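Reproduced below: final_13.cif, with mmCIF, C-alpha atoms.
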data_model
loop_
_atom_site.group_PDB
_atom_site.id
_atom_site.type_symbol
_atom_site.label_atom_id
_atom_site.label_comp_id
_atom_site.auth_asym_id
_atom_site.auth_seq_id
_atom_site.Cartn_x
_atom_site.Cartn_y
_atom_site.Cartn_z
ATOM 1 C CA MET V 221 0.000 0.000 0.000
ATOM 2 C CA ASN V 222 1.232 3.470 -0.706
ATOM 3 C CA TRP V 223 1.558 6.312 1.798
ATOM 4 C CA LEU V 224 -1.766 7.913 0.795
ATOM 5 C CA GLU V 225 -3.675 4.664 1.351
ATOM 6 C CA ASN V 226 -1.970 4.275 4.733
ATOM 7 C CA ILE V 227 -2.980 7.776 5.800
ATOM 8 C CA LEU V 228 -6.566 7.297 4.542
ATOM 9 C CA ILE V 229 -6.877 4.026 6.429
ATOM 10 C CA ILE V 230 -5.723 5.465 9.746
ATOM 11 C CA ALA V 231 -7.767 8.635 9.166
ATOM 12 C CA GLY V 232 -10.958 6.594 8.811
ATOM 13 C CA ILE V 233 -10.276 4.582 11.945
ATOM 14 C CA SER V 234 -9.293 7.743 13.809
ATOM 15 C CA LEU V 235 -12.471 9.589 12.849
ATOM 16 C CA ASP V 236 -14.439 6.805 14.550
ATOM 17 C CA ILE V 237 -12.480 7.595 17.714
ATOM 18 C CA PHE V 238 -13.094 11.318 17.161
ATOM 19 C CA ALA V 239 -16.872 10.822 17.050
ATOM 20 C CA SER V 240 -16.786 8.687 20.201
ATOM 21 C CA MET V 241 -14.709 11.283 22.014
ATOM 22 C CA GLU V 242 -16.998 14.055 20.775
ATOM 23 C CA ILE V 243 -19.976 12.377 22.459
ATOM 24 C CA GLN V 244 -18.037 12.036 25.698
ATOM 25 C CA GLY V 245 -16.805 15.616 25.510
ATOM 26 C CA ALA V 246 -20.394 16.848 25.171
ATOM 27 C CA MET V 247 -21.200 15.313 28.553
ATOM 28 C CA LEU V 248 -18.289 16.706 30.538
ATOM 29 C CA GLN V 249 -18.774 19.347 33.190
ATOM 30 C CA LYS V 250 -15.168 20.389 32.800
ATOM 31 C CA VAL V 251 -12.294 19.077 30.698
ATOM 32 C CA ARG V 252 -9.667 17.868 33.126
ATOM 33 C CA THR V 253 -6.252 18.101 31.502
ATOM 34 C CA LYS V 254 -4.794 15.236 33.528
ATOM 35 C CA THR V 255 -7.621 12.844 32.587
ATOM 36 C CA LEU V 256 -7.504 13.980 28.963
ATOM 37 C CA PHE V 257 -3.754 13.292 28.853
ATOM 38 C CA LYS V 258 -4.287 9.807 30.326
ATOM 39 C CA VAL V 259 -7.032 9.063 27.821
ATOM 40 C CA ALA V 260 -4.936 10.271 24.870
ATOM 41 C CA VAL V 261 -2.018 8.100 25.979
ATOM 42 C CA LEU V 262 -4.326 5.121 26.562
ATOM 43 C CA VAL V 263 -5.993 5.465 23.157
ATOM 44 C CA THR V 264 -2.609 5.778 21.453
ATOM 45 C CA LEU V 265 -1.173 2.752 23.272
ATOM 46 C CA LEU V 266 -4.196 0.599 22.500
ATOM 47 C CA GLN V 267 -4.107 1.578 18.841
ATOM 48 C CA LEU V 268 -0.365 0.842 18.647
ATOM 49 C CA ILE V 269 -0.631 -2.490 20.474
ATOM 50 C CA PHE V 270 -3.520 -3.781 18.400
ATOM 51 C CA PHE V 271 -2.069 -2.601 15.090
ATOM 52 C CA TYR V 272 1.385 -3.967 15.805
ATOM 53 C CA GLY V 273 -0.051 -7.223 17.200
ATOM 54 C CA GLY V 274 -2.009 -7.828 14.011
ATOM 55 C CA TYR V 275 0.900 -6.711 11.873
ATOM 56 C CA LEU V 276 3.409 -8.981 13.612
ATOM 57 C CA ALA V 277 1.180 -12.061 13.546
ATOM 58 C CA PHE V 278 0.379 -11.790 9.855
ATOM 59 C CA PHE V 279 3.853 -10.651 8.870
ATOM 60 C CA GLN V 280 5.113 -13.969 10.255
ATOM 61 C CA ILE V 281 2.387 -15.827 8.356
ATOM 62 C CA ALA V 282 3.414 -14.046 5.154
ATOM 63 C CA ARG V 283 7.091 -14.911 5.739
ATOM 64 C CA LYS V 284 6.213 -18.593 6.150
ATOM 65 C CA ASN V 285 4.275 -18.359 2.857
ATOM 66 C CA VAL V 286 1.086 -19.859 4.329
ATOM 67 C CA PHE V 287 -0.931 -18.054 1.679
ATOM 68 C CA GLY V 288 0.082 -18.667 -1.910
ATOM 69 C CA ASN V 289 0.287 -14.958 -2.624
ATOM 70 C CA ALA V 290 0.411 -13.123 0.715
ATOM 71 C CA ARG V 291 0.378 -9.637 -0.815
ATOM 72 C CA TRP V 292 -2.749 -10.353 -2.836
ATOM 73 C CA ALA V 293 -4.457 -11.879 0.248
ATOM 74 C CA GLY V 294 -3.390 -8.854 2.294
ATOM 75 C CA TYR V 295 -4.860 -6.428 -0.214
ATOM 76 C CA LEU V 296 -8.088 -8.417 -0.328
ATOM 77 C CA ILE V 297 -8.352 -8.564 3.488
ATOM 78 C CA ALA V 298 -7.540 -4.845 3.730
ATOM 79 C CA SER V 299 -10.250 -3.988 1.213
ATOM 80 C CA ILE V 300 -12.845 -6.109 2.989
ATOM 81 C CA VAL V 301 -11.958 -4.649 6.404
ATOM 82 C CA PHE V 302 -12.193 -1.079 5.123
ATOM 83 C CA ILE V 303 -15.485 -1.657 3.343
ATOM 84 C CA LEU V 304 -16.969 -3.341 6.440
ATOM 85 C CA LEU V 305 -15.714 -0.530 8.659
ATOM 86 C CA GLY V 306 -17.367 1.956 6.302
ATOM 87 C CA ILE V 307 -20.652 0.037 6.557
ATOM 88 C CA ARG V 308 -20.380 0.048 10.371
ATOM 89 C CA LEU V 309 -19.741 3.793 10.403
ATOM 90 C CA ILE V 310 -22.688 4.506 8.094
ATOM 91 C CA SER V 311 -24.950 2.376 10.286
ATOM 92 C CA LYS V 312 -23.803 4.387 13.313
ATOM 93 C CA ALA V 313 -24.569 7.604 11.430
ATOM 94 C CA ILE V 314 -28.038 6.433 10.396
ATOM 95 C CA LYS V 315 -28.857 4.934 13.775
ATOM 96 C CA ARG V 316 -28.547 8.285 15.546
ATOM 97 C CA GLU V 317 -28.686 6.604 18.925
ATOM 98 C CA PHE V 318 -30.048 8.616 21.782
ATOM 99 C CA VAL V 319 -27.424 10.108 24.052
ATOM 100 C CA ASP V 320 -28.572 11.214 27.477
ATOM 101 C CA GLU V 321 -26.706 14.485 27.547
ATOM 102 C CA LYS V 322 -25.865 15.272 31.139
ATOM 103 C CA ARG V 323 -22.822 16.948 32.525
ATOM 104 C CA THR V 324 -20.815 14.379 34.475
ATOM 105 C CA GLU V 325 -17.269 13.291 35.068
ATOM 106 C CA ILE V 326 -16.031 10.358 33.037
ATOM 107 C CA THR V 327 -13.268 8.087 34.262
ATOM 108 C CA THR V 328 -10.420 6.712 32.223
ATOM 109 C CA LYS V 329 -11.982 3.231 32.552
ATOM 110 C CA GLN V 330 -15.154 4.417 30.838
ATOM 111 C CA TYR V 331 -13.099 5.766 27.950
ATOM 112 C CA LEU V 332 -11.353 2.400 27.695
ATOM 113 C CA ARG V 333 -14.647 0.618 26.980
ATOM 114 C CA ILE V 334 -15.477 3.122 24.255
ATOM 115 C CA ILE V 335 -12.168 2.610 22.425
ATOM 116 C CA CYS V 336 -12.066 -1.204 22.576
ATOM 117 C CA VAL V 337 -14.459 -1.611 19.619
ATOM 118 C CA THR V 338 -12.321 0.589 17.375
ATOM 119 C CA THR V 339 -9.177 -1.324 18.264
ATOM 120 C CA ILE V 340 -10.681 -4.445 16.690
ATOM 121 C CA TYR V 341 -10.587 -2.702 13.320
ATOM 122 C CA THR V 342 -7.094 -1.474 14.080
ATOM 123 C CA PHE V 343 -6.070 -5.099 14.713
ATOM 124 C CA PHE V 344 -7.467 -6.231 11.352
ATOM 125 C CA THR V 345 -5.788 -3.283 9.652
ATOM 126 C CA GLY V 346 -2.514 -4.445 11.195
ATOM 127 C CA CYS V 347 -3.172 -7.988 9.917
ATOM 128 C CA ALA V 348 -3.703 -6.758 6.365
ATOM 129 C CA CYS V 349 -0.636 -4.531 6.540
ATOM 130 C CA GLY V 350 1.442 -7.461 7.804
ATOM 131 C CA LEU V 351 0.495 -9.523 4.772
ATOM 132 C CA VAL V 352 1.184 -6.671 2.395
ATOM 133 C CA GLY V 353 4.483 -5.742 4.039
ATOM 134 C CA ILE V 354 4.157 -1.994 4.575
ATOM 135 C CA ASN V 355 6.603 0.297 6.354
ATOM 136 C CA VAL V 356 5.507 -0.384 9.921
ATOM 137 C CA LEU V 357 7.374 2.591 11.424
ATOM 138 C CA PHE V 358 5.520 4.984 9.112
ATOM 139 C CA MET V 359 2.182 3.475 10.129
ATOM 140 C CA LEU V 360 3.046 3.599 13.832
ATOM 141 C CA ALA V 361 3.987 7.281 13.493
ATOM 142 C CA ILE V 362 0.676 8.002 11.746
ATOM 143 C CA ILE V 363 -1.214 6.165 14.492
ATOM 144 C CA ILE V 364 0.541 8.116 17.253
ATOM 145 C CA VAL V 365 -0.199 11.500 15.701
ATOM 146 C CA ALA V 366 -3.766 10.650 14.650
ATOM 147 C CA SER V 367 -4.731 9.079 17.980
ATOM 148 C CA ILE V 368 -3.565 12.046 20.015
ATOM 149 C CA VAL V 369 -5.136 14.617 17.683
ATOM 150 C CA VAL V 370 -8.541 12.926 17.432
ATOM 151 C CA THR V 371 -8.779 12.175 21.141
ATOM 152 C CA ILE V 372 -8.037 15.726 22.240
ATOM 153 C CA GLY V 373 -9.892 17.288 19.292
ATOM 154 C CA GLY V 374 -12.953 15.090 19.803
ATOM 155 C CA ILE V 375 -13.221 15.890 23.508
ATOM 156 C CA TYR V 376 -12.868 19.635 22.981
ATOM 157 C CA CYS V 377 -15.191 19.666 19.969
ATOM 158 C CA GLY V 378 -17.867 17.839 21.956
ATOM 159 C CA TYR V 379 -17.316 20.000 25.017
ATOM 160 C CA ASN V 380 -17.664 23.245 23.060
ATOM 161 C CA PHE V 381 -20.181 22.333 20.337
ATOM 162 C CA GLY V 382 -22.061 19.237 21.524
ATOM 163 C CA PHE V 383 -22.253 15.917 19.765
ATOM 164 C CA GLU V 384 -24.364 16.766 16.725
ATOM 165 C CA LEU V 385 -21.364 16.702 14.357
ATOM 166 C CA LYS V 386 -20.834 12.988 15.013
ATOM 167 C CA THR V 387 -23.194 11.958 12.203
ATOM 168 C CA TYR V 388 -21.166 13.923 9.661
ATOM 169 C CA VAL V 389 -17.911 12.565 11.093
ATOM 170 C CA TYR V 390 -19.188 8.982 10.725
ATOM 171 C CA VAL V 391 -20.213 9.598 7.104
ATOM 172 C CA ILE V 392 -16.872 11.235 6.247
ATOM 173 C CA ALA V 393 -14.981 8.376 7.939
ATOM 174 C CA ALA V 394 -17.039 5.806 6.022
ATOM 175 C CA LEU V 395 -16.353 7.558 2.717
ATOM 176 C CA ILE V 396 -12.625 7.648 3.483
ATOM 177 C CA GLU V 397 -12.606 3.928 4.298
ATOM 178 C CA TRP V 398 -14.579 3.086 1.146
ATOM 179 C CA ILE V 399 -12.294 5.179 -1.030
ATOM 180 C CA ALA V 400 -9.247 3.434 0.436
ATOM 181 C CA GLY V 401 -10.868 -0.009 0.154
ATOM 182 C CA PHE V 402 -12.030 0.398 -3.444
ATOM 183 C CA GLU V 403 -8.740 1.990 -4.460
ATOM 184 C CA ILE V 404 -6.855 -0.997 -3.041
ATOM 185 C CA ILE V 405 -9.205 -3.412 -4.813
ATOM 186 C CA MET V 406 -8.885 -1.647 -8.153
ATOM 187 C CA ARG V 407 -5.127 -1.146 -7.987
ATOM 188 C CA ASN V 408 -4.012 -4.427 -6.429
ATOM 189 C CA VAL V 409 -6.700 -7.107 -6.661
ATOM 190 C CA VAL V 410 -8.690 -6.563 -9.884
ATOM 191 C CA VAL V 411 -5.818 -5.294 -12.062
ATOM 192 C CA ARG V 412 -3.753 -8.432 -11.501
#
Would you mind writing the file out in structure tokens?
Amino acid sequence: MNWLENILIIAGISLDIFASMEIQGAMLQKVRTKTLFKVAVLVTLLQLIFFYGGYLAFFQIARKNVFGNARWAGYLIASIVFILLGIRLISKAIKREFVDEKRTEITTKQYLRIICVTTIYTFFTGCACGLVGINVLFMLAIIIVASIVVTIGGIYCGYNFGFELKTYVYVIAALIEWIAGFEIIMRNVVVR
């Protein structure tokens, strides 16, 4: 995968985190810098661990040549993951679940539960990247920057403007994932 695909992939996953953080930010009485720092570090670590775990496992599978053509399988898996993630994000946008907006304090543990679902997609992204053989350091750097920016940005956006933008964020994230998925399919799977 090229650098643009890598950035699009992480951007789509990160926008899911942004929307989740926006909802939580809308319910805060006050943004506590210490808690926000802990949450940003936790989100970043979880994203890194799950991505690298998936990457490492499937990189080893690719090296052992378990699949006949590991790169082709990686591109196919990546495309499927991104298209499914886009479908999930669109369903979240359409669902417009009710959020009981009340000003409370949220603990780091509560944030952890919110992020765990997104890390599943990060794991599968790592798996696909391991099969394809991307530059893992580049991806890890993108994840670090994106995770910190979307966590802090999502909390402050929700705190200042509420959570109504989340629907648009989900749709934009889905479009980004679909663009990346279809681009990978067209360039690497169908053209072969």
Exercise. Which residue, V:Ser234, V:Phe343, V:Lys315, V:Leu248, has the smallest gap to Val389 of chain V when you use all atoms listed in the file?
Worked result: V:Ser234
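Neighbours of segment 381-387 of chain V closer than or equal to 7 Å, with only C-alpha atoms counted and sequence neighbours fewer than 4 positions away skipped, come out as Ala239, Glu242, Ile243, Ala246, Ala313, Cys377 and Val391 of chain V.
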Exactly which residues make up the result of the PyMOL selection byres ((chain V and resi 345) around 8) on this file, given as a tab-separated table (two decimals) with C-alpha atoms, keeping the file's coordinate frame?
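The file below, expr-v6.tsv, is the result:
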chain	number	residue	atom	x	y	z
V	271	PHE	CA	-2.07	-2.60	15.09
V	274	GLY	CA	-2.01	-7.83	14.01
V	275	TYR	CA	0.90	-6.71	11.87
V	298	ALA	CA	-7.54	-4.84	3.73
V	301	VAL	CA	-11.96	-4.65	6.40
V	341	TYR	CA	-10.59	-2.70	13.32
V	342	THR	CA	-7.09	-1.47	14.08
V	343	PHE	CA	-6.07	-5.10	14.71
V	344	PHE	CA	-7.47	-6.23	11.35
V	346	GLY	CA	-2.51	-4.44	11.20
V	347	CYS	CA	-3.17	-7.99	9.92
V	348	ALA	CA	-3.70	-6.76	6.36
V	349	CYS	CA	-0.64	-4.53	6.54
Exercise. Of the residues V:Thr253, V:Asn222, V:Ser240, V:Asn355, which is the one nearest to Gly374 of chain V, using only C-alpha atoms?
Worked result: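 Residue with the minimum atom-to-atom distance to Gly374 of chain V: V:Ser240.
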For this session: Run the PyMOL selection byres ((chain V and resi 291) around 12) against the file shown and list the residues it catches, as a ChimeraX atom specification.
Result: /V:221,278-279,281-283,285-290,292-298,347-354,404,408-409,412
For this session: Select, from V:Gly378, V:Ser299, V:Lys312, V:Ser367, the residue with the minimum atom-to-atom distance to Glu225 of chain V, counting only C-alpha atoms.
Result: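 Answer, going by the shortest atom-to-atom distance: V:Ser299.
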Exercise. For Tyr272 of chain V, which residue among V:Ile405, V:Val356, V:Ala393, V:Tyr388 is the nearest when counting all atoms listed in the file?
Worked result: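 Among the listed residues, the smallest separation from Tyr272 of chain V belongs to V:Val356.
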